[in-house]
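final_2.cif (mmCIF, C-alpha atoms)
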data_model
#
loop_
_atom_site.group_PDB
_atom_site.id
_atom_site.type_symbol
_atom_site.label_atom_id
_atom_site.label_comp_id
_atom_site.auth_asym_id
_atom_site.auth_seq_id
_atom_site.Cartn_x
_atom_site.Cartn_y
_atom_site.Cartn_z
ATOM 1 C CA MET K 2 99.386 -40.264 22.535
ATOM 2 C CA GLY K 3 98.361 -40.468 18.940
ATOM 3 C CA SER K 4 95.776 -43.227 19.218
ATOM 4 C CA CYS K 5 92.104 -42.365 19.356
ATOM 5 C CA LYS K 6 90.737 -42.276 22.869
ATOM 6 C CA HIS K 7 87.185 -42.183 24.145
ATOM 7 C CA VAL K 8 86.306 -39.679 26.868
ATOM 8 C CA LEU K 9 83.157 -39.398 28.946
ATOM 9 C CA ILE K 10 82.537 -35.970 30.492
ATOM 10 C CA VAL K 11 80.106 -36.094 33.419
ATOM 11 C CA ASP K 12 79.078 -32.634 34.623
ATOM 12 C CA ASP K 13 75.786 -30.787 35.049
ATOM 13 C CA SER K 14 77.482 -27.520 34.073
ATOM 14 C CA LYS K 15 77.302 -26.852 30.350
ATOM 15 C CA LEU K 16 80.253 -24.481 30.726
ATOM 16 C CA THR K 17 82.483 -27.189 32.169
ATOM 17 C CA ARG K 18 81.494 -29.655 29.457
ATOM 18 C CA MET K 19 82.244 -27.031 26.803
ATOM 19 C CA ILE K 20 85.663 -26.222 28.286
ATOM 20 C CA ILE K 21 86.762 -29.863 28.509
ATOM 21 C CA SER K 22 85.443 -30.626 25.017
ATOM 22 C CA LYS K 23 87.259 -27.628 23.572
ATOM 23 C CA ILE K 24 90.562 -28.580 25.215
ATOM 24 C CA ILE K 25 90.259 -32.117 23.846
ATOM 25 C CA GLU K 26 89.303 -30.841 20.389
ATOM 26 C CA GLU K 27 92.326 -28.538 20.272
ATOM 27 C CA ASN K 28 94.831 -31.091 21.563
ATOM 28 C CA PHE K 29 93.484 -34.457 20.455
ATOM 29 C CA ALA K 30 91.375 -33.848 17.379
ATOM 30 C CA ASP K 31 90.713 -37.540 16.746
ATOM 31 C CA TRP K 32 89.427 -38.342 20.221
ATOM 32 C CA VAL K 33 85.765 -39.158 20.714
ATOM 33 C CA VAL K 34 83.920 -37.209 23.411
ATOM 34 C CA ILE K 35 80.566 -38.090 24.939
ATOM 35 C CA GLU K 36 78.858 -35.816 27.459
ATOM 36 C CA ALA K 37 76.572 -36.782 30.334
ATOM 37 C CA VAL K 38 74.617 -34.099 32.172
ATOM 38 C CA ASP K 39 73.880 -36.178 35.270
ATOM 39 C CA ALA K 40 74.693 -39.405 37.079
ATOM 40 C CA THR K 41 71.944 -41.455 35.456
ATOM 41 C CA SER K 42 73.008 -40.664 31.903
ATOM 42 C CA ALA K 43 76.650 -41.234 32.899
ATOM 43 C CA ILE K 44 75.835 -44.760 34.049
ATOM 44 C CA GLU K 45 73.856 -45.387 30.846
ATOM 45 C CA GLN K 46 76.826 -44.282 28.761
ATOM 46 C CA ALA K 47 79.205 -46.413 30.801
ATOM 47 C CA GLN K 48 76.962 -49.441 30.222
ATOM 48 C CA GLN K 49 76.882 -48.900 26.458
ATOM 49 C CA ASN K 50 80.423 -47.722 25.597
ATOM 50 C CA GLU K 51 84.045 -48.232 26.518
ATOM 51 C CA PHE K 52 86.003 -45.217 27.726
ATOM 52 C CA ASP K 53 89.669 -44.476 28.265
ATOM 53 C CA PHE K 54 89.061 -41.391 30.404
ATOM 54 C CA ILE K 55 86.129 -40.240 32.521
ATOM 55 C CA THR K 56 85.912 -36.748 34.035
ATOM 56 C CA LEU K 57 83.454 -36.731 36.912
ATOM 57 C CA ASP K 58 81.811 -33.816 38.699
ATOM 58 C CA TYR K 59 81.015 -34.172 42.420
ATOM 59 C CA ASN K 60 78.000 -31.939 43.112
ATOM 60 C CA MET K 61 75.263 -32.826 40.648
ATOM 61 C CA PRO K 62 71.476 -32.936 40.875
ATOM 62 C CA GLY K 63 70.349 -36.388 42.045
ATOM 63 C CA LEU K 64 73.210 -38.816 42.589
ATOM 64 C CA SER K 65 76.604 -37.220 43.183
ATOM 65 C CA GLY K 66 79.940 -38.062 41.629
ATOM 66 C CA TYR K 67 80.857 -39.793 44.876
ATOM 67 C CA ASP K 68 77.728 -41.967 44.662
ATOM 68 C CA ILE K 69 78.462 -43.193 41.155
ATOM 69 C CA TYR K 70 82.257 -43.427 41.237
ATOM 70 C CA PRO K 71 82.200 -47.111 42.339
ATOM 71 C CA ILE K 72 79.607 -47.932 39.649
ATOM 72 C CA LEU K 73 81.628 -46.255 36.911
ATOM 73 C CA HIS K 74 84.805 -47.878 38.182
ATOM 74 C CA GLU K 75 83.178 -51.311 38.028
ATOM 75 C CA LEU K 76 81.678 -50.737 34.568
ATOM 76 C CA GLN K 77 84.844 -49.142 33.183
ATOM 77 C CA SER K 78 87.659 -50.860 35.039
ATOM 78 C CA GLU K 79 90.210 -49.915 32.341
ATOM 79 C CA ALA K 80 89.280 -46.239 32.322
ATOM 80 C CA GLN K 81 91.165 -43.506 34.132
ATOM 81 C CA ILE K 82 88.555 -41.711 36.237
ATOM 82 C CA ALA K 83 89.208 -38.317 37.820
ATOM 83 C CA VAL K 84 86.995 -36.052 39.854
ATOM 84 C CA PHE K 85 86.892 -32.381 38.864
ATOM 85 C CA THR K 86 85.164 -30.338 41.521
ATOM 86 C CA ALA K 87 84.832 -26.891 43.040
ATOM 87 C CA ASN K 88 84.310 -28.529 46.424
ATOM 88 C CA ILE K 89 87.952 -28.653 47.452
ATOM 89 C CA GLN K 90 87.582 -29.395 51.156
ATOM 90 C CA LYS K 91 90.115 -31.795 52.639
ATOM 91 C CA ALA K 92 87.313 -34.133 53.751
ATOM 92 C CA VAL K 93 85.939 -34.359 50.202
ATOM 93 C CA LYS K 94 89.373 -34.946 48.695
ATOM 94 C CA ALA K 95 90.090 -37.640 51.288
ATOM 95 C CA LYS K 96 86.823 -39.439 50.471
ATOM 96 C CA PHE K 97 87.694 -39.682 46.791
ATOM 97 C CA GLU K 98 91.319 -40.572 47.402
ATOM 98 C CA ALA K 99 90.112 -43.427 49.601
ATOM 99 C CA LEU K 100 88.285 -44.730 46.534
ATOM 100 C CA GLY K 101 91.445 -44.409 44.463
ATOM 101 C CA ALA K 102 90.182 -41.490 42.380
ATOM 102 C CA SER K 103 92.354 -38.700 41.050
ATOM 103 C CA PHE K 104 91.183 -35.322 42.340
ATOM 104 C CA TYR K 105 91.399 -32.006 40.494
ATOM 105 C CA CYS K 106 90.179 -28.563 41.543
ATOM 106 C CA LYS K 107 88.020 -26.344 39.360
ATOM 107 C CA PRO K 108 88.322 -24.025 37.522
ATOM 108 C CA ILE K 109 89.409 -26.335 34.737
ATOM 109 C CA ASN K 110 92.135 -25.223 32.361
ATOM 110 C CA GLN K 111 94.335 -26.809 29.739
ATOM 111 C CA ASP K 112 97.202 -27.588 32.122
ATOM 112 C CA VAL K 113 94.892 -29.495 34.461
ATOM 113 C CA MET K 114 93.323 -31.505 31.654
ATOM 114 C CA LEU K 115 96.631 -32.344 29.992
ATOM 115 C CA ASP K 116 97.953 -33.480 33.346
ATOM 116 C CA PHE K 117 95.049 -35.892 33.654
ATOM 117 C CA PHE K 118 95.292 -37.142 30.068
ATOM 118 C CA ALA K 119 99.034 -37.671 30.484
ATOM 119 C CA VAL K 120 98.319 -40.345 33.074
ATOM 120 C CA GLU K 121 98.529 -43.040 30.447
ATOM 121 C CA ALA K 122 101.237 -41.468 28.324
ATOM 122 C CA MET T 27 57.195 -18.479 37.677
ATOM 123 C CA GLU T 28 59.792 -15.706 37.443
ATOM 124 C CA GLN T 29 60.879 -14.556 34.012
ATOM 125 C CA GLN T 30 64.617 -15.037 33.441
ATOM 126 C CA ILE T 31 66.474 -11.853 32.516
ATOM 127 C CA LEU T 32 69.685 -13.600 31.490
ATOM 128 C CA PRO T 33 69.701 -16.365 28.849
ATOM 129 C CA GLU T 34 70.185 -19.894 30.215
ATOM 130 C CA ASP T 35 73.811 -20.208 29.043
ATOM 131 C CA TYR T 36 74.799 -17.078 30.956
ATOM 132 C CA CYS T 37 73.018 -18.306 34.085
ATOM 133 C CA ASP T 38 74.812 -21.649 33.756
ATOM 134 C CA THR T 39 78.202 -19.975 33.344
ATOM 135 C CA LEU T 40 77.740 -17.502 36.183
ATOM 136 C CA GLY T 41 76.266 -20.263 38.362
ATOM 137 C CA GLU T 42 79.359 -22.400 37.753
ATOM 138 C CA LEU T 43 81.648 -19.494 38.678
ATOM 139 C CA PHE T 44 79.685 -19.026 41.916
ATOM 140 C CA ASN T 45 79.921 -22.781 42.461
ATOM 141 C CA ILE T 46 83.717 -22.589 42.267
ATOM 142 C CA GLY T 47 83.739 -19.568 44.585
ATOM 143 C CA MET T 48 81.458 -21.301 47.079
ATOM 144 C CA GLY T 49 83.708 -24.354 46.963
ATOM 145 C CA LYS T 50 86.683 -22.232 47.977
ATOM 146 C CA ALA T 51 84.638 -20.523 50.681
ATOM 147 C CA ALA T 52 83.432 -23.883 52.006
ATOM 148 C CA CYS T 53 87.056 -25.010 52.193
ATOM 149 C CA SER T 54 87.899 -21.987 54.370
ATOM 150 C CA LEU T 55 84.793 -22.446 56.541
ATOM 151 C CA SER T 56 85.515 -26.143 56.870
ATOM 152 C CA GLU T 57 88.946 -25.340 58.294
ATOM 153 C CA MET T 58 87.406 -22.760 60.657
ATOM 154 C CA LEU T 59 84.827 -25.246 61.908
ATOM 155 C CA ASN T 60 87.002 -28.340 61.624
ATOM 156 C CA ASP T 61 84.115 -30.105 59.942
ATOM 157 C CA GLU T 62 82.931 -30.890 56.451
ATOM 158 C CA ILE T 63 80.508 -28.426 54.861
ATOM 159 C CA ILE T 64 77.938 -30.176 52.697
ATOM 160 C CA LEU T 65 77.116 -28.101 49.628
ATOM 161 C CA THR T 66 74.077 -28.627 47.448
ATOM 162 C CA VAL T 67 73.989 -27.981 43.718
ATOM 163 C CA PRO T 68 73.683 -24.242 43.197
ATOM 164 C CA LYS T 69 71.122 -22.734 40.855
ATOM 165 C CA LEU T 70 71.390 -19.209 39.549
ATOM 166 C CA ASP T 71 68.301 -17.330 38.446
ATOM 167 C CA SER T 72 67.946 -13.825 37.098
ATOM 168 C CA MET T 73 64.755 -11.878 37.638
ATOM 169 C CA THR T 74 63.166 -8.494 38.070
ATOM 170 C CA TYR T 75 63.309 -6.828 41.464
ATOM 171 C CA SER T 76 59.566 -7.306 42.018
ATOM 172 C CA ASP T 77 59.777 -11.031 41.148
ATOM 173 C CA ALA T 78 62.716 -11.377 43.531
ATOM 174 C CA MET T 79 60.831 -9.692 46.350
ATOM 175 C CA GLN T 80 57.919 -12.062 45.796
ATOM 176 C CA LEU T 81 60.251 -15.070 45.707
ATOM 177 C CA PHE T 82 62.006 -14.020 48.915
ATOM 178 C CA GLY T 83 58.681 -13.646 50.685
ATOM 179 C CA ALA T 84 58.765 -9.893 51.105
ATOM 180 C CA SER T 85 54.989 -9.945 51.359
ATOM 181 C CA LYS T 86 55.312 -11.992 54.523
ATOM 182 C CA ASP T 87 56.655 -10.747 57.809
ATOM 183 C CA LEU T 88 59.980 -12.507 57.282
ATOM 184 C CA ASN T 89 63.118 -11.511 59.167
ATOM 185 C CA VAL T 90 66.571 -12.265 57.810
ATOM 186 C CA ASP T 91 70.182 -11.699 58.810
ATOM 187 C CA ALA T 92 72.227 -10.560 55.833
ATOM 188 C CA VAL T 93 75.765 -9.508 54.997
ATOM 189 C CA GLU T 94 75.925 -6.895 52.264
ATOM 190 C CA GLN T 95 79.017 -6.099 50.231
ATOM 191 C CA LYS T 96 79.106 -3.606 47.394
ATOM 192 C CA PHE T 97 81.340 -4.398 44.423
ATOM 193 C CA TYR T 98 82.545 -2.283 41.544
ATOM 194 C CA GLY T 99 84.846 -2.453 38.538
ATOM 195 C CA ASP T 100 83.947 -3.758 35.072
ATOM 196 C CA PHE T 101 80.463 -4.217 36.516
ATOM 197 C CA ALA T 102 79.018 -3.111 39.830
ATOM 198 C CA GLY T 103 76.259 -3.746 42.328
ATOM 199 C CA SER T 104 75.434 -5.013 45.785
ATOM 200 C CA ALA T 105 75.901 -8.611 46.869
ATOM 201 C CA LEU T 106 73.836 -9.923 49.745
ATOM 202 C CA LEU T 107 74.370 -13.178 51.579
ATOM 203 C CA PHE T 108 71.301 -13.788 53.663
ATOM 204 C CA PHE T 109 70.308 -16.516 56.013
ATOM 205 C CA ARG T 110 66.794 -17.750 56.611
ATOM 206 C CA GLY T 111 65.284 -18.633 59.960
ATOM 207 C CA ASP T 112 67.824 -19.465 62.630
ATOM 208 C CA SER T 113 70.557 -20.362 60.108
ATOM 209 C CA SER T 114 72.731 -17.373 60.960
ATOM 210 C CA LYS T 115 72.471 -18.091 64.685
ATOM 211 C CA GLU T 116 73.311 -21.775 64.142
ATOM 212 C CA LEU T 117 76.369 -20.817 62.094
ATOM 213 C CA VAL T 118 77.594 -18.246 64.613
ATOM 214 C CA LYS T 119 76.963 -20.700 67.447
ATOM 215 C CA ARG T 120 79.167 -23.304 65.743
ATOM 216 C CA ILE T 121 81.962 -20.833 65.014
ATOM 217 C CA LEU T 122 82.021 -19.171 68.431
ATOM 218 C CA GLY T 123 81.134 -22.303 70.345
ATOM 219 C CA VAL T 124 78.504 -20.463 72.379
ATOM 220 C CA ASP T 125 74.720 -20.491 72.524
ATOM 221 C CA VAL T 126 72.952 -17.732 70.648
ATOM 222 C CA ASP T 127 69.638 -17.480 72.429
ATOM 223 C CA CYS T 128 68.739 -13.843 71.889
ATOM 224 C CA GLU T 129 66.308 -12.708 69.206
ATOM 225 C CA GLU T 130 68.946 -10.373 67.819
ATOM 226 C CA LEU T 131 72.632 -10.984 67.216
ATOM 227 C CA THR T 132 75.055 -9.248 69.594
ATOM 228 C CA GLY T 133 78.046 -7.220 68.389
ATOM 229 C CA LEU T 134 80.474 -10.151 68.439
ATOM 230 C CA GLU T 135 77.950 -12.401 66.749
ATOM 231 C CA GLN T 136 77.350 -9.800 64.044
ATOM 232 C CA GLU T 137 81.102 -9.422 63.509
ATOM 233 C CA THR T 138 81.391 -13.192 63.145
ATOM 234 C CA LEU T 139 78.618 -13.277 60.567
ATOM 235 C CA VAL T 140 80.226 -10.401 58.663
ATOM 236 C CA GLU T 141 83.494 -12.340 58.553
ATOM 237 C CA VAL T 142 81.686 -15.407 57.210
ATOM 238 C CA GLY T 143 80.029 -13.199 54.602
ATOM 239 C CA ASN T 144 83.378 -11.654 53.754
ATOM 240 C CA ILE T 145 84.908 -15.101 53.164
ATOM 241 C CA ILE T 146 82.007 -16.360 51.049
ATOM 242 C CA LEU T 147 81.364 -13.233 48.977
ATOM 243 C CA ASN T 148 85.034 -12.492 48.322
ATOM 244 C CA ALA T 149 85.656 -16.087 47.281
ATOM 245 C CA CYS T 150 82.865 -15.625 44.720
ATOM 246 C CA PHE T 151 84.091 -12.175 43.585
ATOM 247 C CA GLY T 152 87.648 -13.486 43.311
ATOM 248 C CA CYS T 153 86.630 -16.472 41.224
ATOM 249 C CA ILE T 154 84.443 -14.404 38.878
ATOM 250 C CA ALA T 155 87.202 -11.790 38.405
ATOM 251 C CA ASP T 156 89.952 -14.388 37.888
ATOM 252 C CA VAL T 157 88.063 -16.590 35.452
ATOM 253 C CA LEU T 158 86.505 -13.742 33.452
ATOM 254 C CA ASP T 159 89.828 -11.865 33.670
ATOM 255 C CA CYS T 160 88.090 -8.661 34.685
ATOM 256 C CA GLN T 161 88.483 -5.983 37.343
ATOM 257 C CA LEU T 162 86.287 -6.395 40.415
ATOM 258 C CA GLU T 163 86.830 -4.646 43.742
ATOM 259 C CA SER T 164 84.709 -4.898 46.861
ATOM 260 C CA GLU T 165 83.936 -2.591 49.766
ATOM 261 C CA VAL T 166 83.934 -3.542 53.427
ATOM 262 C CA PRO T 167 80.948 -5.793 54.153
ATOM 263 C CA ILE T 168 78.207 -4.619 56.493
ATOM 264 C CA ILE T 169 75.450 -6.417 58.342
ATOM 265 C CA ALA T 170 71.794 -5.829 57.556
ATOM 266 C CA CYS T 171 69.246 -7.482 59.811
ATOM 267 C CA GLY T 172 65.486 -7.191 59.937
ATOM 268 C CA ASN T 173 62.467 -7.545 57.719
ATOM 269 C CA ILE T 174 63.501 -8.755 54.260
ATOM 270 C CA HIS T 175 61.555 -5.886 52.694
ATOM 271 C CA ASP T 176 63.781 -3.407 54.561
ATOM 272 C CA VAL T 177 66.996 -5.389 54.000
ATOM 273 C CA LEU T 178 66.423 -5.477 50.231
ATOM 274 C CA SER T 179 65.107 -1.917 50.077
ATOM 275 C CA ILE T 180 66.330 0.034 47.041
ATOM 276 C CA GLU T 181 66.449 3.182 49.185
ATOM 277 C CA ARG T 182 68.612 1.523 51.862
ATOM 278 C CA MET T 183 71.052 0.262 49.270
ATOM 279 C CA LYS T 184 71.016 3.640 47.517
ATOM 280 C CA PHE T 185 70.189 2.306 44.061
ATOM 281 C CA GLY T 186 69.291 5.089 41.665
ATOM 282 C CA GLU T 187 66.992 2.805 39.702
ATOM 283 C CA THR T 188 65.136 -0.453 40.153
ATOM 284 C CA PRO T 189 67.839 -3.139 39.981
ATOM 285 C CA VAL T 190 67.897 -6.527 38.308
ATOM 286 C CA VAL T 191 68.408 -9.421 40.728
ATOM 287 C CA LEU T 192 70.683 -12.408 40.135
ATOM 288 C CA THR T 193 70.167 -14.916 42.891
ATOM 289 C CA LEU T 194 72.117 -18.041 43.717
ATOM 290 C CA SER T 195 70.165 -20.583 45.721
ATOM 291 C CA MET T 196 72.237 -23.124 47.526
ATOM 292 C CA THR T 197 72.224 -24.779 50.881
ATOM 293 C CA PHE T 198 75.244 -25.568 52.938
ATOM 294 C CA SER T 199 74.986 -27.662 56.011
ATOM 295 C CA LEU T 200 77.055 -28.921 58.850
ATOM 296 C CA PRO T 201 76.540 -32.401 60.242
ATOM 297 C CA ASN T 202 72.985 -32.412 61.667
ATOM 298 C CA LYS T 203 72.631 -28.658 61.138
ATOM 299 C CA LEU T 204 70.959 -27.225 58.090
ATOM 300 C CA ILE T 205 72.221 -23.746 57.298
ATOM 301 C CA GLN T 206 70.293 -22.147 54.482
ATOM 302 C CA GLY T 207 72.143 -19.360 52.765
ATOM 303 C CA GLN T 208 71.284 -17.422 49.652
ATOM 304 C CA ILE T 209 73.418 -15.020 47.646
ATOM 305 C CA SER T 210 71.775 -12.287 45.622
ATOM 306 C CA LEU T 211 73.413 -9.727 43.391
ATOM 307 C CA LEU T 212 71.470 -6.523 42.784
ATOM 308 C CA MET T 213 72.709 -4.680 39.722
ATOM 309 C CA THR T 214 71.559 -1.910 37.445
ATOM 310 C CA THR T 215 70.537 -2.870 33.905
ATOM 311 C CA ALA T 216 73.647 -1.144 32.525
ATOM 312 C CA SER T 217 75.863 -3.145 34.868
ATOM 313 C CA VAL T 218 74.125 -6.416 33.987
ATOM 314 C CA ASN T 219 74.787 -5.591 30.322
ATOM 315 C CA ASN T 220 78.482 -5.167 31.134
ATOM 316 C CA LEU T 221 78.467 -8.510 32.948
ATOM 317 C CA VAL T 222 76.794 -10.124 29.931
ATOM 318 C CA LYS T 223 79.561 -8.773 27.672
ATOM 319 C CA GLU T 224 82.190 -10.353 29.931
ATOM 320 C CA LEU T 225 80.310 -13.666 30.028
ATOM 321 C CA GLU T 226 79.831 -13.626 26.254
ATOM 322 C CA ARG T 227 83.547 -13.001 25.708
ATOM 323 C CA TYR T 228 84.416 -15.874 28.040
ATOM 324 C CA ILE T 229 81.891 -18.322 26.553
ATOM 325 C CA GLN T 230 83.142 -17.578 23.034
ATOM 326 C CA LEU T 231 86.556 -18.953 24.038
ATOM 327 C CA TYR T 232 84.998 -22.389 24.319
ATOM 328 C CA VAL T 233 82.425 -22.438 21.519
#
Show the structure stored in the file as structure tokens.
Amino acid sequence: MGSCKHVLIVDDSKLTRMIISKIIEENFADWVVIEAVDATSAIEQAQQNEFDFITLDYNMPGLSGYDIYPILHELQSEAQIAVFTANIQKAVKAKFEALGASFYCKPINQDVMLDFFAVEA
Amino acid sequence: MEQQILPEDYCDTLGELFNIGMGKAACSLSEMLNDEIILTVPKLDSMTYSDAMQLFGASKDLNVDAVEQKFYGDFAGSALLFFRGDSSKELVKRILGVDVDCEELTGLEQETLVEVGNIILNACFGCIADVLDCQLESEVPIIACGNIHDVLSIERMKFGETPVVLTLSMTFSLPNKLIQGQISLLMTTASVNNLVKELERYIQLYV
């Protein structure tokens, strides 16, 4: 996995964005990371850039991760998109799995992120 | 507008830890109720006790049903999960499958609410302790019902000094039923300083 990848982190929590960015920085120093603090800026980024990976929060102010998953999937059909959420109810997981999304539980740690990034390895 | 006691980054971090805890609690409640719990985006604010009382409407004749659980360890305080309006009765009604028509909760209904509080508050304590890698124990939760001024009374909670209040506002609802819950942590200034040290240590891992 030496080639440079582009990652979009979509999460309203600064902490979560910092954790994911740090894990990427430590493991894939040449990767490019862009952060979006809400659904609207995530869509804007997806319209303007090409991403290999997108990490998507579920509960966000305004539109949720569930609302924008189909939009991101359409705009970034080549990207691996996974939902990272604290809302780990079976019903929520089932909703995302029905859309074809990967589903990961918070709290986020290195093992979880490397598992996601290994999807394409 | 209340003045924030904790800097924004600390509120964001602690709010996210509560978010994870509430997610786990919602998972447990969802299995109890066999229904999805809709969670809103939580927001954590820190404020003085007097600002908190004003925010919670202590000046009004407002009655609440609350579950209180004291916690101690690397930092200590009292956590209160309180429900506004008929939220507690709606929740108990759904769990027990019976109507709750009385003004006041009966013994069984109070026990049910305490158990809900136990699930929610311990999920939050557990998440905060695990992620921050700190020691946090909790006492047996108790119910506190009545006027919000009495429920949040410093004397009732046996605080030796005026506490700082960290409050997490979030709404969780069942299909067609809005249940408004609020978690507040009341802590001494010294304890808040200990919490800040733990948060600072954790944040520095990712800077």
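Counting from atom CA of Ile154 of chain T, the distance to atom CA of Gln206 of chain T is 22.4 Å.
Using only C-alpha atoms for every distance, the candidate list T:Lys203, T:Phe97, T:Ile169, T:Leu162 yields T:Ile169 as the residue closest to Leu131 of chain T.
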Explicit residues for the PyMOL selection byres ((chain K and resi 37-50) around 8) (as a VMD selection string):
chain K and resid 9 to 15 35 to 36 51 to 52 61 to 66 69 72 to 73 76 to 77
I'd like to know which of K:Ile20, K:Cys5, K:Leu57, K:Leu100 is closest to Leu231 of chain T, using only C-alpha atoms.
K:Ile20
Return the neighbours of chain K among the residues of chain T, cut-off 10 Å, counting only C-alpha atoms, as a VMD selection string.
chain T and resid 34 to 36 38 to 57 60 to 68 153 156 to 157 228 to 229 231 to 233
Please fill the gaps in segment 52-58 of chain T so it has all heavy atoms, and write that as a JSON list (two decimals), in the coordinates of the input.
[["chain", "number", "residue", "atom", "x", "y", "z"],
["T", 52, "ALA", "N", 83.75, -22.73, 51.14],
["T", 52, "ALA", "CA", 83.43, -23.88, 52.01],
["T", 52, "ALA", "C", 84.71, -24.50, 52.56],
["T", 52, "ALA", "O", 84.74, -24.97, 53.71],
["T", 52, "ALA", "CB", 82.64, -24.92, 51.21],
["T", 53, "CYS", "N", 85.77, -24.48, 51.74],
["T", 53, "CYS", "CA", 87.06, -25.01, 52.19],
["T", 53, "CYS", "C", 87.57, -24.19, 53.38],
["T", 53, "CYS", "O", 88.02, -24.75, 54.39],
["T", 53, "CYS", "CB", 88.04, -24.98, 51.03],
["T", 53, "CYS", "SG", 89.59, -25.80, 51.37],
["T", 54, "SER", "N", 87.46, -22.86, 53.27],
["T", 54, "SER", "CA", 87.90, -21.99, 54.37],
["T", 54, "SER", "C", 87.03, -22.20, 55.61],
["T", 54, "SER", "O", 87.54, -22.32, 56.73],
["T", 54, "SER", "CB", 87.81, -20.51, 53.95],
["T", 54, "SER", "OG", 88.59, -20.28, 52.82],
["T", 55, "LEU", "N", 85.70, -22.26, 55.40],
["T", 55, "LEU", "CA", 84.79, -22.45, 56.54],
["T", 55, "LEU", "C", 85.01, -23.81, 57.19],
["T", 55, "LEU", "O", 84.94, -23.95, 58.42],
["T", 55, "LEU", "CB", 83.34, -22.33, 56.08],
["T", 55, "LEU", "CG", 82.85, -20.94, 55.71],
["T", 55, "LEU", "CD1", 81.42, -21.00, 55.18],
["T", 55, "LEU", "CD2", 82.91, -20.00, 56.91],
["T", 56, "SER", "N", 85.28, -24.80, 56.36],
["T", 56, "SER", "CA", 85.52, -26.14, 56.87],
["T", 56, "SER", "C", 86.72, -26.16, 57.81],
["T", 56, "SER", "O", 86.71, -26.83, 58.85],
["T", 56, "SER", "CB", 85.74, -27.08, 55.69],
["T", 56, "SER", "OG", 86.20, -28.32, 56.12],
["T", 57, "GLU", "N", 87.76, -25.40, 57.44],
["T", 57, "GLU", "CA", 88.95, -25.34, 58.29],
["T", 57, "GLU", "C", 88.65, -24.57, 59.58],
["T", 57, "GLU", "O", 89.14, -24.91, 60.66],
["T", 57, "GLU", "CB", 90.10, -24.71, 57.52],
["T", 57, "GLU", "CG", 90.68, -25.69, 56.50],
["T", 57, "GLU", "CD", 91.69, -25.07, 55.56],
["T", 57, "GLU", "OE1", 92.10, -23.92, 55.79],
["T", 57, "GLU", "OE2", 92.05, -25.74, 54.58],
["T", 58, "MET", "N", 87.79, -23.52, 59.46],
["T", 58, "MET", "CA", 87.41, -22.76, 60.66],
["T", 58, "MET", "C", 86.62, -23.63, 61.64],
["T", 58, "MET", "O", 86.78, -23.55, 62.85],
["T", 58, "MET", "CB", 86.50, -21.57, 60.27],
["T", 58, "MET", "CG", 87.22, -20.34, 59.79],
["T", 58, "MET", "SD", 86.03, -19.13, 59.14],
["T", 58, "MET", "CE", 85.36, -18.45, 60.65]]
